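Pasting upload32.tsv here (TSV, C-alpha atoms):
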chain	number	residue	atom	x	y	z
A	25	MET	CA	47.15	54.40	159.02
A	26	THR	CA	50.36	56.32	159.66
A	27	ARG	CA	53.07	56.38	157.02
A	28	LYS	CA	56.04	54.34	158.11
A	29	THR	CA	59.47	53.69	156.67
A	30	PRO	CA	59.17	50.82	154.19
A	31	MET	CA	60.46	47.53	155.55
A	32	TYR	CA	61.73	44.39	153.87
A	33	VAL	CA	59.51	41.64	155.24
A	34	ILE	CA	60.06	37.93	154.55
A	35	ILE	CA	57.00	35.78	155.11
A	36	VAL	CA	57.33	32.00	155.23
A	37	GLY	CA	54.18	30.00	154.60
A	38	GLY	CA	51.74	30.78	151.79
A	39	GLY	CA	48.52	29.75	153.48
A	40	LYS	CA	45.66	32.16	154.07
A	41	VAL	CA	47.55	34.14	156.71
A	42	GLY	CA	50.70	34.46	154.61
A	43	TYR	CA	48.74	35.39	151.50
A	44	HIS	CA	46.62	38.13	153.04
A	45	LEU	CA	49.50	39.47	155.09
A	46	SER	CA	51.66	39.78	151.96
A	47	LYS	CA	48.97	41.63	150.05
A	48	GLU	CA	48.30	43.98	152.93
A	49	LEU	CA	51.98	44.80	153.47
A	50	VAL	CA	52.58	45.42	149.77
A	51	ARG	CA	49.59	47.75	149.69
A	52	GLU	CA	51.17	49.71	152.53
A	53	GLY	CA	54.33	50.13	150.49
A	54	HIS	CA	56.56	47.49	152.06
A	55	GLU	CA	58.82	45.12	150.18
A	56	VAL	CA	57.67	41.53	150.67
A	57	LEU	CA	59.03	38.09	149.87
A	58	LEU	CA	56.68	35.16	150.36
A	59	ILE	CA	58.27	31.71	150.59
A	60	GLU	CA	56.08	28.64	150.03
A	61	LYS	CA	57.33	25.06	149.94
A	62	ASP	CA	54.45	23.45	148.07
A	63	ARG	CA	55.05	23.81	144.30
A	64	LYS	CA	51.35	24.00	143.35
A	65	THR	CA	50.48	26.55	146.03
A	66	ALA	CA	53.55	28.61	145.12
A	67	ASP	CA	52.57	28.62	141.43
A	68	MET	CA	49.05	29.71	142.26
A	69	LEU	CA	50.31	32.47	144.52
A	70	SER	CA	52.78	33.80	141.95
A	71	GLU	CA	50.08	33.96	139.31
A	72	GLU	CA	48.38	36.54	141.44
A	73	LEU	CA	51.21	38.15	143.36
A	74	GLY	CA	54.03	37.85	140.81
A	75	ASP	CA	57.75	37.88	141.54
A	76	MET	CA	57.46	38.33	145.28
A	77	VAL	CA	56.54	34.63	145.62
A	78	VAL	CA	59.37	32.12	145.84
A	79	PHE	CA	59.04	28.35	145.75
A	80	GLY	CA	61.31	26.77	148.35
A	81	ASP	CA	61.69	25.41	151.85
A	82	GLY	CA	61.94	28.40	154.16
A	83	CYS	CA	63.77	26.25	156.73
A	84	GLU	CA	66.67	25.70	154.30
A	85	ILE	CA	69.52	28.13	154.64
A	86	ARG	CA	69.98	28.22	150.86
A	87	THR	CA	66.42	29.51	150.37
A	88	MET	CA	66.95	32.03	153.15
A	89	ALA	CA	70.21	33.31	151.66
A	90	GLU	CA	68.79	33.56	148.15
A	91	GLY	CA	65.81	35.46	149.49
A	92	GLY	CA	68.12	38.07	150.98
A	93	MET	CA	67.39	37.16	154.59
A	94	GLY	CA	70.46	39.17	155.65
A	95	ARG	CA	68.80	42.46	154.81
A	96	ALA	CA	65.32	41.61	156.08
A	97	ASN	CA	63.91	43.90	158.77
A	98	VAL	CA	61.34	41.36	159.84
A	99	VAL	CA	60.80	37.64	159.33
A	100	VAL	CA	57.31	36.28	159.84
A	101	ALA	CA	56.82	32.50	160.07
A	102	VAL	CA	53.20	31.53	159.54
A	103	THR	CA	53.27	27.90	158.44
A	104	GLY	CA	50.89	25.39	159.99
A	105	ASP	CA	53.72	23.64	161.84
A	106	ASP	CA	55.07	25.15	165.02
A	107	GLU	CA	58.39	23.33	164.76
A	108	ASP	CA	58.98	24.88	161.32
A	109	ASN	CA	58.03	28.34	162.54
A	110	LEU	CA	60.45	28.00	165.44
A	111	VAL	CA	63.38	26.90	163.28
A	112	ILE	CA	62.71	29.61	160.64
A	113	CYS	CA	62.80	32.34	163.27
A	114	GLN	CA	65.79	30.96	165.15
A	115	MET	CA	67.84	30.56	161.96
A	116	ALA	CA	66.78	34.02	160.76
A	117	LYS	CA	67.87	35.56	164.01
A	118	ARG	CA	71.05	33.66	164.70
A	119	LYS	CA	72.44	32.95	161.24
A	120	PHE	CA	71.33	36.15	159.54
A	121	GLY	CA	70.94	38.62	162.39
A	122	VAL	CA	67.37	39.57	161.45
A	123	PRO	CA	66.35	42.17	164.06
A	124	ARG	CA	62.73	41.13	164.48
A	125	THR	CA	61.12	37.71	164.20
A	126	LEU	CA	57.45	36.88	164.54
A	127	ALA	CA	56.04	33.37	164.72
A	128	ARG	CA	52.54	32.06	164.44
A	129	VAL	CA	51.95	29.56	167.21
A	130	ASN	CA	49.39	26.91	166.31
A	131	ASP	CA	49.44	25.22	169.71
A	132	PRO	CA	48.91	28.00	172.27
A	133	ASN	CA	50.95	26.02	174.80
A	134	ASN	CA	54.05	26.78	172.74
A	135	GLU	CA	53.87	30.56	173.09
A	136	GLU	CA	55.90	30.78	176.24
A	137	LEU	CA	58.53	28.32	175.01
A	138	PHE	CA	59.01	30.26	171.78
A	139	GLN	CA	59.59	33.46	173.70
A	140	GLU	CA	62.07	31.71	175.98
A	141	LEU	CA	63.85	30.49	172.85
A	142	GLY	CA	64.37	33.99	171.53
A	143	ILE	CA	61.44	34.60	169.17
A	144	ASP	CA	60.55	38.29	169.49
A	145	GLN	CA	56.80	37.99	169.09
A	146	THR	CA	54.32	35.16	168.88
A	147	VAL	CA	50.74	35.15	167.72
A	148	SER	CA	48.32	32.41	168.64
A	149	SER	CA	44.93	32.77	167.00
A	150	THR	CA	43.47	30.37	169.56
A	151	ARG	CA	44.68	32.67	172.34
A	152	VAL	CA	43.41	35.81	170.62
A	153	ILE	CA	39.93	34.37	170.10
A	154	PHE	CA	39.86	33.00	173.63
A	155	ASN	CA	40.74	36.42	175.05
A	156	LEU	CA	38.03	38.08	173.00
A	157	LEU	CA	35.47	35.56	174.17
A	158	GLU	CA	36.53	35.99	177.75
A	159	GLN	CA	36.11	39.74	177.48
A	160	GLN	CA	32.57	39.24	176.22
A	161	ILE	CA	31.42	36.70	178.74
A	162	GLY	CA	33.59	37.44	181.73
A	163	SER	CA	32.44	39.50	184.66
A	164	SER	CA	34.85	42.25	183.68
A	165	GLN	CA	33.09	45.25	182.18
A	166	VAL	CA	36.31	47.09	181.50
A	167	ILE	CA	37.47	46.02	178.05
A	168	PRO	CA	40.98	46.77	176.82
A	169	LEU	CA	40.82	48.40	173.38
A	170	ALA	CA	44.45	49.18	172.70
A	171	ALA	CA	47.85	49.12	174.33
A	172	LEU	CA	50.27	51.99	173.81
A	173	LYS	CA	53.98	52.26	174.60
A	174	LYS	CA	54.52	48.48	174.76
A	175	GLY	CA	51.51	48.06	176.99
A	176	GLU	CA	52.48	50.69	179.55
A	177	ILE	CA	49.35	52.69	178.79
A	178	GLU	CA	46.01	51.17	177.90
A	179	VAL	CA	42.91	52.54	176.27
A	180	VAL	CA	39.91	50.84	177.84
A	181	GLU	CA	36.16	50.89	177.48
A	182	ALA	CA	33.86	50.65	180.49
A	183	ASP	CA	30.12	50.25	180.19
A	184	ILE	CA	27.87	51.97	182.70
A	185	THR	CA	25.51	49.17	183.66
A	186	PRO	CA	22.64	49.18	186.18
A	187	GLY	CA	24.12	49.29	189.64
A	188	SER	CA	27.34	50.94	188.55
A	189	PRO	CA	28.61	53.16	191.37
A	190	VAL	CA	29.18	56.05	188.94
A	191	ASP	CA	25.71	55.96	187.35
A	192	GLY	CA	24.33	59.51	187.62
A	193	MET	CA	27.64	61.02	188.76
A	194	ARG	CA	29.38	63.96	187.12
A	195	ILE	CA	32.81	63.09	185.78
A	196	GLY	CA	34.35	65.74	188.05
A	197	GLN	CA	32.98	63.86	191.07
A	198	ILE	CA	34.61	60.56	190.18
A	199	ASP	CA	37.72	59.78	192.17
A	200	LEU	CA	39.86	58.50	189.28
A	201	PRO	CA	43.23	56.83	189.82
A	202	ALA	CA	46.28	59.00	189.19
A	203	ASN	CA	47.19	59.32	185.49
A	204	ALA	CA	43.77	58.17	184.32
A	205	LEU	CA	41.94	60.26	181.78
A	206	ILE	CA	38.41	59.91	180.45
A	207	ILE	CA	38.73	60.75	176.76
A	208	SER	CA	35.25	60.08	175.45
A	209	VAL	CA	31.74	59.04	176.40
A	210	ILE	CA	29.79	57.06	173.83
A	211	ARG	CA	26.10	57.82	174.24
A	212	GLU	CA	23.42	56.48	171.89
A	213	GLY	CA	26.02	55.82	169.24
A	214	HIS	CA	27.63	59.27	169.40
A	215	ALA	CA	31.03	60.06	170.82
A	216	LEU	CA	30.99	62.99	173.22
A	217	ILE	CA	34.08	64.84	174.35
A	218	PRO	CA	33.31	64.99	178.04
A	219	HIS	CA	34.05	67.70	180.59
A	220	ALA	CA	33.87	67.74	184.36
A	221	ASP	CA	30.14	68.43	184.32
A	222	THR	CA	29.21	65.60	181.98
A	223	ARG	CA	26.86	63.35	183.91
A	224	LEU	CA	27.22	59.61	183.28
A	225	ARG	CA	24.18	57.44	182.90
A	226	GLN	CA	23.20	53.85	182.23
A	227	GLY	CA	24.02	52.67	178.71
A	228	ASP	CA	27.01	55.03	178.35
A	229	SER	CA	30.35	53.62	177.34
A	230	VAL	CA	33.29	55.45	178.80
A	231	ILE	CA	36.60	55.44	176.92
A	232	ALA	CA	39.55	56.06	179.19
A	233	MET	CA	43.33	56.09	179.06
A	234	ILE	CA	45.14	54.63	182.02
A	235	LYS	CA	48.45	53.18	183.13
A	236	ALA	CA	48.11	49.43	182.62
A	237	ASP	CA	48.87	48.60	186.25
A	238	ARG	CA	45.98	50.79	187.46
A	239	GLU	CA	43.34	49.10	185.31
A	240	SER	CA	41.84	47.11	188.18
A	241	GLU	CA	41.21	50.31	190.18
A	242	LEU	CA	39.26	51.68	187.24
A	243	ARG	CA	37.24	48.47	187.13
A	244	THR	CA	36.30	48.87	190.79
A	245	ILE	CA	35.23	52.47	190.25
A	246	PHE	CA	33.01	51.71	187.27
A	247	THR	CA	31.59	48.31	188.25
A	248	GLY	CA	31.80	48.32	192.02
A	249	GLU	CA	33.50	44.90	191.87
A	250	GLN	CA	36.61	44.41	193.93
A	251	SER	CA	39.30	42.59	192.00
B	16	MET	CA	70.86	6.36	183.36
B	17	LYS	CA	67.28	7.31	182.70
B	18	ILE	CA	66.92	8.05	179.00
B	19	VAL	CA	63.89	9.32	177.09
B	20	ILE	CA	63.90	8.66	173.34
B	21	LEU	CA	61.57	10.43	170.93
B	22	GLY	CA	60.79	8.53	167.73
B	23	CYS	CA	60.58	4.76	167.43
B	24	GLY	CA	61.91	4.34	163.92
B	25	ARG	CA	64.89	2.10	163.17
B	26	VAL	CA	67.38	4.34	164.95
B	27	GLY	CA	65.16	5.03	167.95
B	28	ALA	CA	64.30	1.37	168.38
B	29	THR	CA	67.93	0.30	168.07
B	30	ILE	CA	69.12	2.81	170.68
B	31	ALA	CA	66.24	1.80	172.97
B	32	THR	CA	66.74	-1.97	172.83
B	33	THR	CA	70.53	-1.76	173.03
B	34	MET	CA	70.62	0.63	175.95
B	35	ALA	CA	67.85	-1.25	177.79
B	36	ARG	CA	69.97	-4.41	177.50
B	37	GLU	CA	72.89	-2.45	178.94
B	38	GLY	CA	70.74	-1.86	182.00
B	39	HIS	CA	69.60	1.73	181.42
B	40	SER	CA	66.06	2.80	182.16
B	41	ILE	CA	64.47	3.62	178.80
B	42	THR	CA	61.20	5.34	177.87
B	43	ILE	CA	60.45	5.67	174.18
B	44	ILE	CA	57.80	7.97	172.68
B	45	ASP	CA	56.11	7.70	169.30
B	46	ARG	CA	52.89	9.16	167.97
B	47	ASN	CA	52.02	5.84	166.35
B	48	ALA	CA	51.65	2.80	168.66
B	49	ASP	CA	52.42	0.45	165.74
B	50	SER	CA	56.00	1.71	165.68
B	51	PHE	CA	56.72	-0.04	168.98
B	52	ARG	CA	56.68	-3.42	167.19
B	53	ARG	CA	60.27	-2.58	166.19
B	54	LEU	CA	61.27	-3.00	169.84
B	55	GLY	CA	60.57	-6.76	169.83
B	56	ASN	CA	58.90	-8.80	172.56
B	57	ASP	CA	61.72	-8.78	175.08
B	58	PHE	CA	62.01	-4.95	175.41
B	59	VAL	CA	61.91	-4.09	179.10
B	60	GLY	CA	61.54	-0.29	178.86
B	61	GLU	CA	58.43	1.90	178.81
B	62	THR	CA	56.51	3.06	175.76
B	63	VAL	CA	54.43	6.26	175.54
B	64	VAL	CA	52.10	7.16	172.67
B	65	GLY	CA	51.96	10.91	172.07
B	66	ASN	CA	53.21	14.06	170.40
B	67	GLY	CA	56.82	14.75	171.35
B	68	LEU	CA	56.37	18.50	170.94
B	69	SER	CA	53.91	18.56	173.80
B	70	GLY	CA	55.21	19.19	177.28
B	71	ASP	CA	52.48	16.93	178.66
B	72	THR	CA	53.71	13.97	176.63
B	73	LEU	CA	57.30	14.53	177.70
B	74	LYS	CA	56.18	14.70	181.32
B	75	ARG	CA	54.27	11.44	180.96
B	76	ALA	CA	57.50	9.93	179.68
B	77	GLY	CA	59.26	11.11	182.85
B	78	VAL	CA	61.46	13.71	181.19
B	79	GLU	CA	61.67	15.63	184.46
B	80	GLN	CA	63.77	12.85	185.98
B	81	ALA	CA	65.67	12.00	182.80
B	82	ASP	CA	69.45	12.18	182.52
B	83	ALA	CA	69.28	12.31	178.75
B	84	PHE	CA	66.80	13.06	175.96
B	85	VAL	CA	67.33	11.85	172.40
B	86	ALA	CA	65.21	13.04	169.45
B	87	VAL	CA	65.28	10.79	166.38
B	88	THR	CA	61.99	11.43	164.58
B	89	ASN	CA	61.95	11.85	160.79
B	90	GLY	CA	61.54	15.60	161.06
B	91	ASP	CA	64.62	17.74	161.60
B	92	ASN	CA	62.57	20.59	162.98
B	93	ARG	CA	60.58	18.31	165.29
B	94	ASN	CA	63.86	17.03	166.69
B	95	ILE	CA	65.24	20.55	167.07
B	96	MET	CA	62.14	21.82	168.84
B	97	SER	CA	61.71	18.85	171.15
B	98	VAL	CA	65.32	18.89	172.40
B	99	GLN	CA	65.01	22.59	173.16
B	100	LEU	CA	61.78	21.89	175.04
B	101	ALA	CA	63.56	19.17	177.04
B	102	LYS	CA	66.60	21.33	177.70
B	103	VAL	CA	64.98	24.69	178.46
B	104	ARG	CA	61.68	23.70	180.05
B	105	PHE	CA	62.61	20.44	181.76
B	106	LYS	CA	66.34	21.03	182.35
B	107	VAL	CA	67.41	17.65	180.99
B	108	PRO	CA	71.22	17.69	181.37
B	109	LYS	CA	72.04	15.92	178.10
B	110	VAL	CA	70.04	16.31	174.90
B	111	VAL	CA	70.92	15.01	171.43
B	112	ALA	CA	69.09	15.63	168.15
B	113	ARG	CA	69.47	13.70	164.93
B	114	ILE	CA	69.39	16.20	162.05
B	115	TYR	CA	69.55	15.24	158.38
B	116	ASP	CA	70.26	18.71	157.02
B	117	PRO	CA	74.02	19.34	157.52
B	118	ILE	CA	73.68	23.11	157.70
B	119	ARG	CA	70.91	23.03	160.24
B	120	ALA	CA	72.86	20.47	162.28
B	121	TYR	CA	75.92	22.67	162.28
B	122	ALA	CA	73.94	25.83	163.07
B	123	TYR	CA	72.29	24.26	166.10
B	124	SER	CA	75.50	22.65	167.36
B	125	GLU	CA	76.93	26.18	167.37
B	126	LEU	CA	73.98	27.15	169.56
B	127	GLY	CA	74.88	24.53	172.14
B	128	ILE	CA	72.54	21.77	171.02
B	129	ASP	CA	74.27	18.44	170.64
B	130	THR	CA	73.47	17.24	167.12
B	131	VAL	CA	74.34	14.21	165.03
B	132	CYS	CA	74.07	14.74	161.30
B	133	THR	CA	73.55	11.25	159.96
B	134	THR	CA	73.75	12.53	156.37
B	135	CYS	CA	77.32	13.69	156.96
B	136	VAL	CA	78.30	10.70	159.06
B	137	SER	CA	77.11	8.06	156.61
B	138	SER	CA	78.48	9.95	153.60
B	139	GLY	CA	81.83	10.26	155.34
B	140	VAL	CA	81.97	6.59	156.28
B	141	MET	CA	80.97	5.56	152.75
B	142	HIS	CA	83.65	7.83	151.33
B	143	ASP	CA	86.35	6.34	153.52
B	144	LYS	CA	85.23	2.79	152.74
B	145	ILE	CA	85.37	3.50	149.01
B	146	ILE	CA	88.84	5.00	149.02
B	147	GLY	CA	90.13	2.72	151.80
B	148	ARG	CA	91.05	5.61	154.11
B	149	GLU	CA	91.48	5.02	157.84
B	150	TYR	CA	88.26	5.94	159.72
B	151	GLY	CA	88.05	9.30	161.43
B	152	SER	CA	86.28	10.59	164.53
B	153	VAL	CA	82.52	11.21	164.77
B	154	ASP	CA	83.09	14.95	165.05
B	155	GLU	CA	85.13	14.82	161.89
B	156	TYR	CA	82.38	12.89	160.11
B	157	CYS	CA	79.74	15.33	161.32
B	158	ARG	CA	81.52	18.01	159.26
B	159	PHE	CA	81.88	15.81	156.17
B	160	GLY	CA	81.05	17.69	152.96
B	161	MET	CA	80.49	20.95	154.80
B	162	ASP	CA	83.19	22.76	152.79
B	163	GLU	CA	81.06	22.46	149.68
B	164	THR	CA	78.00	24.08	151.24
B	165	PRO	CA	77.01	27.51	149.96
B	166	GLU	CA	78.57	30.50	151.60
B	167	VAL	CA	76.09	32.39	153.75
B	168	THR	CA	76.23	36.00	152.73
B	169	ASN	CA	74.30	38.93	154.03
B	170	ASP	CA	73.26	40.57	150.81

Render the structure in this file as structure tokens.
Amino acid sequence: MTRKTPMYVIIVGGGKVGYHLSKELVREGHEVLLIEKDRKTADMLSEELGDMVVFGDGCEIRTMAEGGMGRANVVVAVTGDDEDNLVICQMAKRKFGVPRTLARVNDPNNEELFQELGIDQTVSSTRVIFNLLEQQIGSSQVIPLAALKKGEIEVVEADITPGSPVDGMRIGQIDLPANALIISVIREGHALIPHADTRLRQGDSVIAMIKADRESELRTIFTGEQS
Amino acid sequence: MKIVILGCGRVGATIATTMAREGHSITIIDRNADSFRRLGNDFVGETVVGNGLSGDTLKRAGVEQADAFVAVTNGDNRNIMSVQLAKVRFKVPKVVARIYDPIRAYAYSELGIDTVCTTCVSSGVMHDKIIGREYGSVDEYCRFGMDETPEVTND
């Protein structure tokens, strides 16, 4: 984990997500305020987490002002109600000028609407799990591992399966798309740093960096499927 | 006009029956079918059971052809979200939200959402009845008591 400048993060909603997120952020050295509107839950949370827990309705401007919303770097709304998460983020942004707002979206159909309505980032656990499942069961054998530079560059993993056009080829022979780079080959559980003479074989996993818009070309090269 | 109303409580039902009698085409949505009893037997509009925060429900209610959308559920935030859905996604020309919390009502009216804060309006009317003052305008009532609200500071 890289060391970052500490942020002041306000989290609204003391459910499981809010609780674990608060703990994690505090451990990383950030300042956190957790707002919970149920008295009992708030009391339980403050027994463990102390002063950083505040009992109050995070949709109320009074609670926001008292929590120092004006100096927050990020506001994260993770209640179980999408309408509350929307209003928290909109008020944070427009009334207090909070630079970055993040909302949990319980109904994945609301993601697009929230973004249209000015929420900076949305997270839908339904969508995340669905995407993971699709990667496992879909025909695609090129799996995105990470996105860098706002998604401009991707790190992907491609498995060399039977019938792959590159099975048995040396890396130097593969006609890679421009700006693609093979950074590692995972073979029998070990990560190799490959060179042009490294010969790929069935069961290898190839880790590559590529411009996101060229990903489908990489898929064709490794799987033979046209997309 | 074609008007879609979200929430068949006392206010929703009163708007629906009155405006239907005036000859407008009314569709009213509520998540609980029992609420429609408030409309009485002679209501000529449409009723839709569903969640007003879902685009599918609003479509079933014909929001795409609506001239106006009114949100009068018990939840301020539900009303705020559904009118934005109607306005942004379905381009309904006129949307109005009932909001109990005066500050939230004012904040969203500043953002171009037409709001009616019934807390302010009824407090204002009560006030003027008590002291025998001449009645003011709705806009005036919608600001009633707002001077006493806490100052929003950025520290």

If you take all atoms listed in the file and a cut-off of 12 Å, which residues of chain A touch chain B, and what are their nearest atom pairs and distances in Å to one decimal, in chain and number order, as CSV?
residue,atom,partner,partner_atom,distance
A:Gly82,CA,B:Asn92,CA,11.8
A:Cys83,CA,B:Asn92,CA,8.5
A:Glu84,CA,B:Arg119,CA,7.8
A:Ile85,CA,B:Ile118,CA,7.2
A:Arg86,CA,B:Pro165,CA,7.1
A:Thr87,CA,B:Val167,CA,10.6
A:Met88,CA,B:Val167,CA,9.2
A:Ala89,CA,B:Val167,CA,6.3
A:Glu90,CA,B:Asp170,CA,8.7
A:Gly91,CA,B:Asp170,CA,9.1
A:Gly92,CA,B:Asp170,CA,5.7
A:Met93,CA,B:Asn169,CA,7.2
A:Gly94,CA,B:Asn169,CA,4.2
A:Arg95,CA,B:Asp170,CA,6.3
A:Ala96,CA,B:Asp170,CA,9.6
A:Asp105,CA,B:Arg93,CA,9.3
A:Asp106,CA,B:Met96,CA,8.7
A:Glu107,CA,B:Asn92,CA,5.3
A:Asp108,CA,B:Asn92,CA,5.8
A:Asn109,CA,B:Asn92,CA,9.0
A:Leu110,CA,B:Met96,CA,7.3
A:Val111,CA,B:Asn92,CA,6.4
A:Ile112,CA,B:Asn92,CA,9.3
A:Cys113,CA,B:Asn92,CA,11.8
A:Gln114,CA,B:Tyr123,CA,9.4
A:Met115,CA,B:Ala122,CA,7.8
A:Ala116,CA,B:Ala122,CA,11.1
A:Lys117,CA,B:Ala122,CA,11.5
A:Arg118,CA,B:Ala122,CA,8.5
A:Lys119,CA,B:Ala122,CA,7.5
A:Phe120,CA,B:Asn169,CA,6.8
A:Gly121,CA,B:Asn169,CA,9.0
A:Val122,CA,B:Asn169,CA,10.2
A:Asn130,CA,B:Leu68,CA,11.9
A:Asp131,CA,B:Ser69,CA,9.0
A:Pro132,CA,B:Ser69,CA,10.8
A:Asn133,CA,B:Ser69,CA,8.1
A:Asn134,CA,B:Ser69,CA,8.3
A:Glu135,CA,B:Leu100,CA,11.9
A:Glu136,CA,B:Arg104,CA,9.9
A:Leu137,CA,B:Leu100,CA,7.2
A:Phe138,CA,B:Leu100,CA,9.4
A:Gln139,CA,B:Val103,CA,11.3
A:Glu140,CA,B:Val103,CA,8.0
A:Leu141,CA,B:Gln99,CA,8.0
A:Gly142,CA,B:Gln99,CA,11.5

Extract, using all atoms listed in the file, all DNA, RNA and protein residues at most 12 Å from Lys61 in chain A, discarding same-chain residues fewer than 4 positions from it, and format them as a count of residues only.
-> 21

Could you jot down the CA of Val111 in chain B to CA of Phe84 in chain B separation for me, Å, one decimal place?
->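 Pair CA of Val111 in chain B / CA of Phe84 in chain B returns 6.4 Å.
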
What is the distance, in Å and to one decimal place, between CA of Asp57 in chain B and CA of Lys74 in chain B?
->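 Going from CA of Asp57 in chain B over to CA of Lys74 in chain B covers 24.9 Å.
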
For the atom pair CA of Ile177 in chain A and CA of Val99 in chain A, what is the interatomic distance in Å to one decimal place?
->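 Computing the Euclidean distance for CA of Ile177 in chain A and CA of Val99 in chain A yields 27.1 Å.
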
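Around range 45-50 of chain B, within 12 Å and counting only C-alpha atoms, the residues found are B:Val19, B:Ile20, B:Leu21, B:Gly22, B:Cys23, B:Gly24, B:Arg25, B:Val26, B:Gly27, B:Ala28, B:Gly55, B:Glu61, B:Thr62, B:Val63, B:Val64, B:Gly65, B:Asn66, B:Gly67, B:Leu68, B:Ser69, B:Thr72, B:Leu73, B:Ala76, B:Ala86, B:Val87, B:Thr88, B:Asn89, once anything fewer than 5 positions away on its own chain is removed.
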
Fewer than 2 positions away in the same chain doesn't count, so skip those; otherwise give me all residues within 9 Å of range 154-160 of chain B, counting all atoms listed in the file, as a PyMOL selection string.
-> chain B and resi 117+120-121+130-140+151-152+162-164

Given 3 Å on each side, where is the centre and what are the edge lengths in Å to one decimal of the axis-aligned box enclosing the listed atoms of range 65-79 of chain B, as JSON?
{"center_x": 56.8, "center_y": 14.6, "center_z": 177.4, "size_x": 15.7, "size_y": 15.3, "size_z": 20.1}

Skip Ala35 in chain B itself and residues of its chain fewer than 6 positions away, then list as a PyMOL selection string all residues within 8 Å of it, counting all atoms listed in the file.
-> chain B and resi 41+58-60
